[in-house]
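K.L.:
Sharing entry_22.cif (mmCIF, C-alpha atoms) below.
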data_entry
loop_
_atom_site.group_PDB
_atom_site.id
_atom_site.type_symbol
_atom_site.label_atom_id
_atom_site.label_comp_id
_atom_site.auth_asym_id
_atom_site.auth_seq_id
_atom_site.Cartn_x
_atom_site.Cartn_y
_atom_site.Cartn_z
ATOM 1 C CA MET A 595 -33.253 -183.259 136.623
ATOM 2 C CA LEU A 596 -35.360 -180.393 135.320
ATOM 3 C CA TYR A 597 -35.083 -176.736 136.283
ATOM 4 C CA VAL A 598 -37.274 -174.224 134.426
ATOM 5 C CA ASP A 599 -36.032 -174.781 130.868
ATOM 6 C CA ASP A 600 -32.866 -176.757 131.609
ATOM 7 C CA ILE A 601 -32.836 -180.538 131.727
ATOM 8 C CA LEU A 602 -30.103 -182.879 132.860
ATOM 9 C CA LEU A 603 -30.265 -186.474 131.657
ATOM 10 C CA THR A 604 -28.234 -189.232 133.274
ATOM 11 C CA GLU A 605 -28.260 -192.934 132.583
ATOM 12 C CA ASN A 606 -25.729 -195.773 132.621
ATOM 13 C CA ASP A 607 -26.961 -196.981 129.245
ATOM 14 C CA ASP A 608 -25.812 -194.798 126.301
ATOM 15 C CA VAL A 609 -28.427 -196.387 124.031
ATOM 16 C CA GLU A 610 -31.235 -195.332 126.375
ATOM 17 C CA ILE A 611 -29.899 -191.760 126.528
ATOM 18 C CA LYS A 612 -29.734 -191.644 122.725
ATOM 19 C CA TYR A 613 -33.319 -192.966 122.468
ATOM 20 C CA LEU A 614 -34.608 -190.419 124.986
ATOM 21 C CA LYS A 615 -32.853 -187.515 123.243
ATOM 22 C CA GLU A 616 -34.307 -188.571 119.893
ATOM 23 C CA PHE A 617 -37.769 -188.762 121.451
ATOM 24 C CA LEU A 618 -37.405 -185.287 122.988
ATOM 25 C CA LEU A 619 -36.144 -183.859 119.669
ATOM 26 C CA GLN A 620 -39.292 -185.124 117.956
ATOM 27 C CA HIS A 621 -41.570 -183.333 120.421
ATOM 28 C CA PHE A 622 -39.620 -180.256 121.580
ATOM 29 C CA ARG A 623 -37.035 -177.799 120.357
ATOM 30 C CA ILE A 624 -34.001 -178.831 122.365
ATOM 31 C CA LYS A 625 -30.285 -178.271 122.121
ATOM 32 C CA ASP A 626 -27.819 -180.919 123.260
ATOM 33 C CA LEU A 627 -24.933 -179.173 125.010
ATOM 34 C CA GLY A 628 -22.903 -182.357 125.325
ATOM 35 C CA THR A 629 -21.057 -183.486 128.420
ATOM 36 C CA LEU A 630 -22.094 -181.613 131.545
ATOM 37 C CA LYS A 631 -19.618 -178.965 132.721
ATOM 38 C CA TYR A 632 -21.735 -176.435 134.613
ATOM 39 C CA PHE A 633 -25.325 -176.722 135.873
ATOM 40 C CA LEU A 634 -27.229 -174.446 138.254
ATOM 41 C CA GLY A 635 -24.089 -172.924 139.756
ATOM 42 C CA ILE A 636 -22.250 -176.236 140.120
ATOM 43 C CA ASP A 637 -19.045 -176.925 138.166
ATOM 44 C CA ILE A 638 -18.716 -180.571 137.110
ATOM 45 C CA SER A 639 -15.332 -182.165 136.339
ATOM 46 C CA TRP A 640 -14.998 -185.706 135.034
ATOM 47 C CA SER A 641 -12.026 -188.067 135.375
ATOM 48 C CA LYS A 642 -11.366 -191.791 135.413
ATOM 49 C CA HIS A 643 -11.389 -191.584 139.232
ATOM 50 C CA GLY A 644 -14.855 -190.102 139.457
ATOM 51 C CA THR A 645 -16.805 -186.869 139.272
ATOM 52 C CA LEU A 646 -15.961 -183.648 141.105
ATOM 53 C CA MET A 647 -18.671 -181.104 141.867
ATOM 54 C CA SER A 648 -17.689 -177.593 142.939
ATOM 55 C CA GLN A 649 -19.401 -174.256 143.541
ATOM 56 C CA ARG A 650 -16.160 -172.261 143.351
ATOM 57 C CA LYS A 651 -17.280 -170.035 140.451
ATOM 58 C CA TYR A 652 -20.684 -169.499 142.074
ATOM 59 C CA THR A 653 -18.963 -168.520 145.344
ATOM 60 C CA LEU A 654 -16.543 -166.151 143.588
ATOM 61 C CA ASP A 655 -19.479 -164.546 141.732
ATOM 62 C CA ILE A 656 -21.230 -163.878 145.059
ATOM 63 C CA LEU A 657 -18.064 -162.380 146.570
ATOM 64 C CA ASP A 658 -17.579 -160.205 143.491
ATOM 65 C CA ASP A 659 -21.198 -158.993 143.545
ATOM 66 C CA ILE A 660 -20.974 -157.887 147.188
ATOM 67 C CA GLY A 661 -17.500 -156.357 146.826
ATOM 68 C CA LEU A 662 -15.590 -158.872 148.949
ATOM 69 C CA THR A 663 -13.326 -160.382 146.281
ATOM 70 C CA GLY A 664 -9.788 -160.716 147.606
ATOM 71 C CA THR A 665 -10.710 -160.630 151.302
ATOM 72 C CA LYS A 666 -9.063 -163.032 153.716
ATOM 73 C CA PRO A 667 -11.010 -166.160 154.693
ATOM 74 C CA GLU A 668 -12.245 -166.357 158.269
ATOM 75 C CA LYS A 669 -12.202 -169.418 160.519
ATOM 76 C CA PHE A 670 -15.872 -168.856 161.328
ATOM 77 C CA PRO A 671 -18.442 -167.570 158.817
ATOM 78 C CA MET A 672 -19.904 -165.157 161.383
ATOM 79 C CA GLU A 673 -18.801 -163.504 164.612
ATOM 80 C CA GLN A 674 -19.015 -165.971 167.494
ATOM 81 C CA ASN A 675 -21.580 -165.334 170.238
ATOM 82 C CA LEU A 676 -23.252 -162.685 168.083
ATOM 83 C CA LYS A 677 -26.859 -162.035 169.109
ATOM 84 C CA LEU A 678 -28.903 -160.566 166.266
ATOM 85 C CA THR A 679 -32.361 -159.218 167.029
ATOM 86 C CA LEU A 680 -35.330 -157.907 165.085
ATOM 87 C CA ILE A 681 -34.974 -154.393 166.543
ATOM 88 C CA ASP A 682 -31.236 -153.553 166.771
ATOM 89 C CA GLY A 683 -29.911 -151.232 164.069
ATOM 90 C CA ASP A 684 -31.448 -149.181 161.314
ATOM 91 C CA LEU A 685 -33.675 -150.781 158.680
ATOM 92 C CA LEU A 686 -31.945 -151.295 155.347
ATOM 93 C CA HIS A 687 -32.870 -148.681 152.759
ATOM 94 C CA ASP A 688 -32.843 -151.316 149.989
ATOM 95 C CA PRO A 689 -33.461 -154.770 151.555
ATOM 96 C CA ILE A 690 -33.680 -156.424 148.104
ATOM 97 C CA LYS A 691 -29.863 -156.773 147.965
ATOM 98 C CA TYR A 692 -29.895 -158.472 151.375
ATOM 99 C CA HIS A 693 -32.699 -160.816 150.294
ATOM 100 C CA LYS A 694 -30.909 -161.780 147.076
ATOM 101 C CA LEU A 695 -27.679 -162.444 148.957
ATOM 102 C CA VAL A 696 -29.394 -164.672 151.524
ATOM 103 C CA GLU A 697 -31.183 -166.566 148.735
ATOM 104 C CA ARG A 698 -27.874 -167.142 146.936
ATOM 105 C CA LEU A 699 -26.251 -168.282 150.186
ATOM 106 C CA ILE A 700 -29.074 -170.780 150.757
ATOM 107 C CA TYR A 701 -28.189 -172.408 147.446
ATOM 108 C CA LEU A 702 -24.489 -172.340 148.376
ATOM 109 C CA THR A 703 -25.158 -174.490 151.459
ATOM 110 C CA ILE A 704 -25.494 -177.501 149.117
ATOM 111 C CA LYS A 705 -21.710 -177.793 149.026
ATOM 112 C CA LYS A 706 -20.834 -175.647 152.061
ATOM 113 C CA PRO A 707 -22.502 -177.122 155.140
ATOM 114 C CA ASN A 708 -20.241 -174.995 157.365
ATOM 115 C CA ILE A 709 -22.341 -171.910 156.512
ATOM 116 C CA VAL A 710 -25.748 -173.470 157.227
ATOM 117 C CA TYR A 711 -26.014 -171.897 160.691
ATOM 118 C CA LEU A 712 -25.070 -168.454 159.356
ATOM 119 C CA VAL A 713 -27.540 -168.644 156.474
ATOM 120 C CA ARG A 714 -30.327 -169.935 158.733
ATOM 121 C CA THR A 715 -29.683 -167.070 161.152
ATOM 122 C CA LEU A 716 -29.655 -164.400 158.436
ATOM 123 C CA SER A 717 -32.772 -165.800 156.782
ATOM 124 C CA GLN A 718 -34.747 -165.131 159.972
ATOM 125 C CA PHE A 719 -34.499 -161.402 159.254
ATOM 126 C CA MET A 720 -35.899 -161.294 155.733
ATOM 127 C CA GLN A 721 -39.069 -159.425 156.781
ATOM 128 C CA GLU A 722 -37.241 -156.576 158.524
ATOM 129 C CA SER A 723 -33.624 -156.561 157.403
ATOM 130 C CA ARG A 724 -31.337 -154.225 159.302
ATOM 131 C CA LYS A 725 -27.774 -152.960 158.863
ATOM 132 C CA THR A 726 -26.590 -155.141 161.773
ATOM 133 C CA HIS A 727 -27.765 -158.212 159.918
#
Would you write out, as structure tokens, the structure that this file holds?
P.N.:
Amino acid sequence: MLYVDDILLTENDDVEIKYLKEFLLQHFRIKDLGTLKYFLGIDISWSKHGTLMSQRKYTLDILDDIGLTGTKPEKFPMEQNLKLTLIDGDLLHDPIKYHKLVERLIYLTIKKPNIVYLVRTLSQFMQESRKTH
């Protein structure tokens, strides 16, 4: 897996991984960070029973950035039967914060399918973001 300047190599054959890393070292300046622990907002834990992937830290970082650390969890990620429109409420003075939050939430849906509807709904208002959104 490759993302900008980060690469993740996986293979069942340790010899093949070693060969590939040696090849890459000959052609590029790379740094081997060892066993994967954190990649693109996903925590990775290894055990003899398998691999656990979690976005807990990523989620806590989002909550901290928007000032909601320590709030109680809700049963539903958004108010039920809420009807958001393009015209209700005042336009946001600085919609960039809203846009960044929605973008981060999109990535969070990888491990949190229960927020897909909420994120899809909020992403519809990226062009004209309002306080009600």
K.L.:
Counting all atoms listed in the file, which of A:Leu662, A:Glu673, A:Asp600, A:Val609 gets nearest to A:Phe633?
P.N.:
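Counting all atoms listed in the file, the residue closest to A:Phe633 is A:Asp600.
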K.L.:
One number please: atom CA of A:Ile636 to atom CA of A:Arg650, in Å, one decimal.
P.N.:
8.0 Å
K.L.:
So that I can see what lies close to stretch 718-727 of chain A, please list as a VMD selection string the residues with an atom at most 8 Å from it, counting all atoms listed in the file and leaving out residues fewer than 5 positions away in the same chain.
P.N.:
chain A and resid 678 680 682 to 686 689 692 to 693
K.L.:
The PyMOL selection byres ((chain A and resi 703) around 12) on the file shown: which residues, as a list in words?
P.N.:
Gly635, Ile636, Ser648, Gln649, Tyr652, Thr653, Val696, Glu697, Arg698, Leu699, Ile700, Tyr701, Leu702, Ile704, Lys705, Lys706, Pro707, Asn708, Ile709, Val710, Tyr711, Leu712, Val713 and Arg714 of chain A
K.L.:
Mind writing the picked residues with C-alpha atoms as an mmCIF file, keeping the file's coordinate frame?
P.N.:
data_model
loop_
_atom_site.group_PDB
_atom_site.id
_atom_site.type_symbol
_atom_site.label_atom_id
_atom_site.label_comp_id
_atom_site.auth_asym_id
_atom_site.auth_seq_id
_atom_site.Cartn_x
_atom_site.Cartn_y
_atom_site.Cartn_z
ATOM 1 C CA GLY A 635 -24.089 -172.924 139.756
ATOM 2 C CA ILE A 636 -22.250 -176.236 140.120
ATOM 3 C CA SER A 648 -17.689 -177.593 142.939
ATOM 4 C CA GLN A 649 -19.401 -174.256 143.541
ATOM 5 C CA TYR A 652 -20.684 -169.499 142.074
ATOM 6 C CA THR A 653 -18.963 -168.520 145.344
ATOM 7 C CA VAL A 696 -29.394 -164.672 151.524
ATOM 8 C CA GLU A 697 -31.183 -166.566 148.735
ATOM 9 C CA ARG A 698 -27.874 -167.142 146.936
ATOM 10 C CA LEU A 699 -26.251 -168.282 150.186
ATOM 11 C CA ILE A 700 -29.074 -170.780 150.757
ATOM 12 C CA TYR A 701 -28.189 -172.408 147.446
ATOM 13 C CA LEU A 702 -24.489 -172.340 148.376
ATOM 14 C CA ILE A 704 -25.494 -177.501 149.117
ATOM 15 C CA LYS A 705 -21.710 -177.793 149.026
ATOM 16 C CA LYS A 706 -20.834 -175.647 152.061
ATOM 17 C CA PRO A 707 -22.502 -177.122 155.140
ATOM 18 C CA ASN A 708 -20.241 -174.995 157.365
ATOM 19 C CA ILE A 709 -22.341 -171.910 156.512
ATOM 20 C CA VAL A 710 -25.748 -173.470 157.227
ATOM 21 C CA TYR A 711 -26.014 -171.897 160.691
ATOM 22 C CA LEU A 712 -25.070 -168.454 159.356
ATOM 23 C CA VAL A 713 -27.540 -168.644 156.474
ATOM 24 C CA ARG A 714 -30.327 -169.935 158.733
#
K.L.:
Between atom CA of A:Lys691 and atom CA of A:Thr715, measure the distance and give it in Å to one decimal.
P.N.:
16.7 Å
K.L.:
Which residues would end up in the selection if the PyMOL selection byres ((chain A and resi 630) around 10) were applied here, given that I need the answer as a list in words?
P.N.:
Leu602, Leu603, Thr604, Leu627, Gly628, Thr629, Lys631, Tyr632, Phe633, Asp637, Ile638, Ser639 and Trp640 of chain A
K.L.:
Which distance in Å separates atom CA of A:Leu676 and atom CA of A:Leu657, to one decimal?
P.N.:
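Pair atom CA of A:Leu676 / atom CA of A:Leu657 returns 22.1 Å.
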K.L.:
With 3 Å on each side, where is the centre of the axis-aligned box around all listed atoms of stretch 601-604 of chain A, and how long are its edges in Å to one decimal, as JSON?
P.N.:
{"center_x": -30.5, "center_y": -184.9, "center_z": 132.5, "size_x": 10.6, "size_y": 14.7, "size_z": 7.6}
K.L.:
Just checking: using only C-alpha atoms, which residue out of A:Leu634, A:Pro667, A:Tyr613, A:Ser717 ends up closest to A:Lys651?
P.N.:
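Among A:Leu634, A:Pro667, A:Tyr613, A:Ser717, it is A:Leu634 that comes nearest to A:Lys651.
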K.L.:
Please provide the set of residues having any atom within 10 Å of stretch 618-624 of chain A, restricted to only C-alpha atoms, with same-chain residues fewer than 6 positions apart removed, written as a list in words.
P.N.:
Asp599, Asp600, Ile601 and Lys612 of chain A
K.L.:
How would the residues just picked look written out with C-alpha atoms as an mmCIF file, keeping the file's coordinate frame?
P.N.:
data_model
loop_
_atom_site.group_PDB
_atom_site.id
_atom_site.type_symbol
_atom_site.label_atom_id
_atom_site.label_comp_id
_atom_site.auth_asym_id
_atom_site.auth_seq_id
_atom_site.Cartn_x
_atom_site.Cartn_y
_atom_site.Cartn_z
ATOM 1 C CA ASP A 599 -36.032 -174.781 130.868
ATOM 2 C CA ASP A 600 -32.866 -176.757 131.609
ATOM 3 C CA ILE A 601 -32.836 -180.538 131.727
ATOM 4 C CA LYS A 612 -29.734 -191.644 122.725
#
K.L.:
Select, from A:Phe617, A:Leu716, A:Asp655, A:Glu605, the residue with the minimum atom-to-atom distance to A:Met672, counting all atoms listed in the file.
P.N.:
A:Leu716
K.L.:
Counting all atoms listed in the file, figure out which residue out of A:Gly644, A:Ile690, A:Leu695, A:Ile681 gets nearest to A:Asp658.
P.N.:
A:Leu695
